[in-house]
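Engineer: Please see the structure below; I have some questions.
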Amino acid sequence: MELHEFSSRVRALEKKLYKTAVCILKNDADAADCVQEALLHAWRSLTKLKNEAHFDTWLTRILINECKMLIRSGKSHRTGELTENIPAPNPENAEIEIALGALEEKYRLPIVLYHVNGYSLDETALILKRPTGTVKSQLSRGRKKLKALLESEVEQ
């Protein structure tokens with residue numbers, strides 16, 4: 001894969017990558033940094049990509065690993081800056097965004113990958129390195145938890 005093709009494929013994935021990073025890090029600045037690091041890492045490791053058809057899932061997996069490395073390093077700005085750095089959600093999606101943010105990552109990440117980013121069940125399982133059945137269960141449980149969170153918001 002040449003630079004031009006790499007660039008065009010990355011541009012097509014840009015929003016998905018950013019949404020995934022924000023889902024994990026809950027911080028705009030950290031998400032943007034991790035996306036950049038993931039792209040750099042992917043470009044350097046491009047020869048390791050065995051099947052170009054799996055480019056999207058491969059790159060998303062690299063991004064998730066970069067996000068987790070940032071969290072482990074303790075250099076993440078997760079605390080204290082969440083409300084300052086994430087722009088206000090669209091009014092029609094505000095409740096969903098807040099409820100999604102309240103979910104545990106093991107449920108939030110599959111929901112974002114599958115429902116928001118549009119990956120198939122198999123692609124989501126591949127990205128998360130989990131069995132398809134596990135991802136299916138996490139999606140089901142996550143949707144139930146999300147529904148409960150949204151219903152409790154309506155009652156208040």
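Residues in the structure tokens are named by chain (A, B, ... in the order shown) and by number from 1 within that chain; ligands are numbered from 1 in the order shown.
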Give me the residues near Val10 in chain A as a list in words, where near means some atom within 12 Å (using only C-alpha atoms) and where sequence neighbours in that chain fewer than 5 positions away do not count.

Structural biologist: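 Contacts, in chain order: Leu3, His4, Glu5, Lys15, Lys16, Leu17, Tyr18, Val35, Gln36, Ala38, Leu39, Leu40, Ala42, Trp43, Phe55, Asp56, Thr57, Trp58, Leu59 and Thr60 of chain A.
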
Engineer: Select from range 3-144 of chain A everything DSSP, run on the backbone, classes as helix (DSSP H, G or I), then give the selection as number ranges by chain.

Structural biologist: A: 3-25, 28-44, 46-48, 52-73, 82-85, 91-102, 105-116, 121-128, 132-144

Engineer: Could you save those same residues with C-alpha atoms as a short mmCIF file (atom, residue, chain, number, x, y, z; two decimals), in the first residue's frame?

Structural biologist:
data_model
loop_
_atom_site.label_atom_id
_atom_site.label_comp_id
_atom_site.auth_asym_id
_atom_site.auth_seq_id
_atom_site.Cartn_x
_atom_site.Cartn_y
_atom_site.Cartn_z
CA LEU A 3 1.13 6.66 0.92
CA HIS A 4 -1.70 7.98 -1.27
CA GLU A 5 -3.88 4.92 -0.70
CA PHE A 6 -3.02 4.87 3.01
CA SER A 7 -4.00 8.54 3.30
CA SER A 8 -7.30 8.13 1.50
CA ARG A 9 -8.26 5.09 3.57
CA VAL A 10 -7.34 6.91 6.77
CA ARG A 11 -9.42 9.94 5.76
CA ALA A 12 -12.41 7.65 5.27
CA LEU A 13 -11.94 6.25 8.79
CA GLU A 14 -11.08 9.52 10.52
CA LYS A 15 -14.40 10.05 12.33
CA LYS A 16 -14.72 6.40 13.36
CA LEU A 17 -11.22 6.42 14.82
CA TYR A 18 -11.83 9.62 16.72
CA LYS A 19 -15.18 8.40 18.12
CA THR A 20 -13.54 5.19 19.24
CA ALA A 21 -10.71 7.05 20.99
CA VAL A 22 -13.11 9.44 22.74
CA CYS A 23 -15.18 6.45 23.83
CA ILE A 24 -12.16 4.97 25.59
CA LEU A 25 -10.40 8.11 26.85
CA ASP A 28 -10.67 15.26 23.19
CA ALA A 29 -6.97 16.08 23.51
CA ASP A 30 -5.98 12.55 24.48
CA ALA A 31 -8.19 11.09 21.75
CA ALA A 32 -6.59 13.29 19.09
CA ASP A 33 -3.10 12.38 20.34
CA CYS A 34 -3.89 8.66 20.31
CA VAL A 35 -5.33 8.81 16.80
CA GLN A 36 -2.13 10.49 15.60
CA GLU A 37 0.05 7.95 17.40
CA ALA A 38 -2.01 5.08 15.98
CA LEU A 39 -1.67 6.43 12.44
CA LEU A 40 2.07 6.81 12.86
CA HIS A 41 2.35 3.31 14.29
CA ALA A 42 0.20 1.90 11.47
CA TRP A 43 2.28 3.58 8.78
CA ARG A 44 5.47 2.20 10.29
CA LEU A 46 2.19 -1.38 7.30
CA THR A 47 4.30 -4.29 6.11
CA LYS A 48 2.81 -6.40 8.94
CA GLU A 52 -5.47 -5.14 3.05
CA ALA A 53 -9.18 -6.00 3.25
CA HIS A 54 -8.77 -5.95 7.04
CA PHE A 55 -7.18 -2.48 7.09
CA ASP A 56 -10.08 -0.87 9.00
CA THR A 57 -10.13 -3.44 11.78
CA TRP A 58 -6.31 -3.56 11.94
CA LEU A 59 -6.05 0.21 12.32
CA THR A 60 -8.85 0.35 14.89
CA ARG A 61 -7.10 -2.36 16.94
CA ILE A 62 -3.88 -0.33 16.84
CA LEU A 63 -5.83 2.72 18.05
CA ILE A 64 -7.39 0.79 20.94
CA ASN A 65 -3.95 -0.43 21.98
CA GLU A 66 -2.57 3.13 21.84
CA CYS A 67 -5.45 4.36 24.02
CA LYS A 68 -4.87 1.62 26.57
CA MET A 69 -1.13 2.33 26.63
CA LEU A 70 -1.86 6.01 27.35
CA ILE A 71 -4.15 5.07 30.22
CA ARG A 72 -1.58 2.65 31.67
CA SER A 73 1.18 5.25 31.40
CA LEU A 82 -13.76 15.81 30.84
CA THR A 83 -16.35 18.57 30.83
CA GLU A 84 -13.90 21.17 29.54
CA ASN A 85 -12.58 19.23 26.57
CA PRO A 91 -29.23 18.40 21.85
CA GLU A 92 -31.06 15.46 20.27
CA ASN A 93 -28.25 13.05 21.24
CA ALA A 94 -27.25 14.57 24.58
CA GLU A 95 -28.97 11.96 26.74
CA ILE A 96 -27.57 9.10 24.70
CA GLU A 97 -24.03 10.54 24.83
CA ILE A 98 -24.24 10.97 28.60
CA ALA A 99 -25.68 7.49 29.13
CA LEU A 100 -23.04 5.96 26.84
CA GLY A 101 -20.32 7.70 28.83
CA ALA A 102 -21.73 6.20 32.03
CA GLU A 105 -15.96 0.26 28.85
CA LYS A 106 -16.59 -3.45 28.24
CA TYR A 107 -20.12 -2.51 27.12
CA ARG A 108 -19.49 0.99 25.76
CA LEU A 109 -16.73 0.03 23.31
CA PRO A 110 -18.64 -2.76 21.53
CA ILE A 111 -21.71 -0.50 21.27
CA VAL A 112 -19.67 2.34 19.75
CA LEU A 113 -17.89 0.03 17.32
CA TYR A 114 -21.04 -1.82 16.26
CA HIS A 115 -23.82 0.78 16.43
CA VAL A 116 -22.00 4.10 16.02
CA LEU A 121 -20.43 -8.25 14.62
CA ASP A 122 -17.47 -10.24 13.29
CA GLU A 123 -15.39 -7.10 12.69
CA THR A 124 -16.20 -5.83 16.19
CA ALA A 125 -15.12 -9.17 17.66
CA LEU A 126 -11.92 -9.07 15.60
CA ILE A 127 -11.11 -5.52 16.70
CA LEU A 128 -11.74 -6.33 20.36
CA THR A 132 -18.19 -13.27 18.55
CA GLY A 133 -20.51 -14.75 21.17
CA THR A 134 -18.91 -12.63 23.89
CA VAL A 135 -19.32 -9.47 21.84
CA LYS A 136 -22.93 -10.41 21.11
CA SER A 137 -23.58 -10.82 24.85
CA GLN A 138 -21.81 -7.56 25.67
CA LEU A 139 -23.87 -5.74 23.05
CA SER A 140 -27.08 -7.18 24.46
CA ARG A 141 -26.18 -6.38 28.07
CA GLY A 142 -24.85 -2.97 27.09
CA ARG A 143 -28.08 -2.08 25.28
CA LYS A 144 -30.09 -3.14 28.35
#
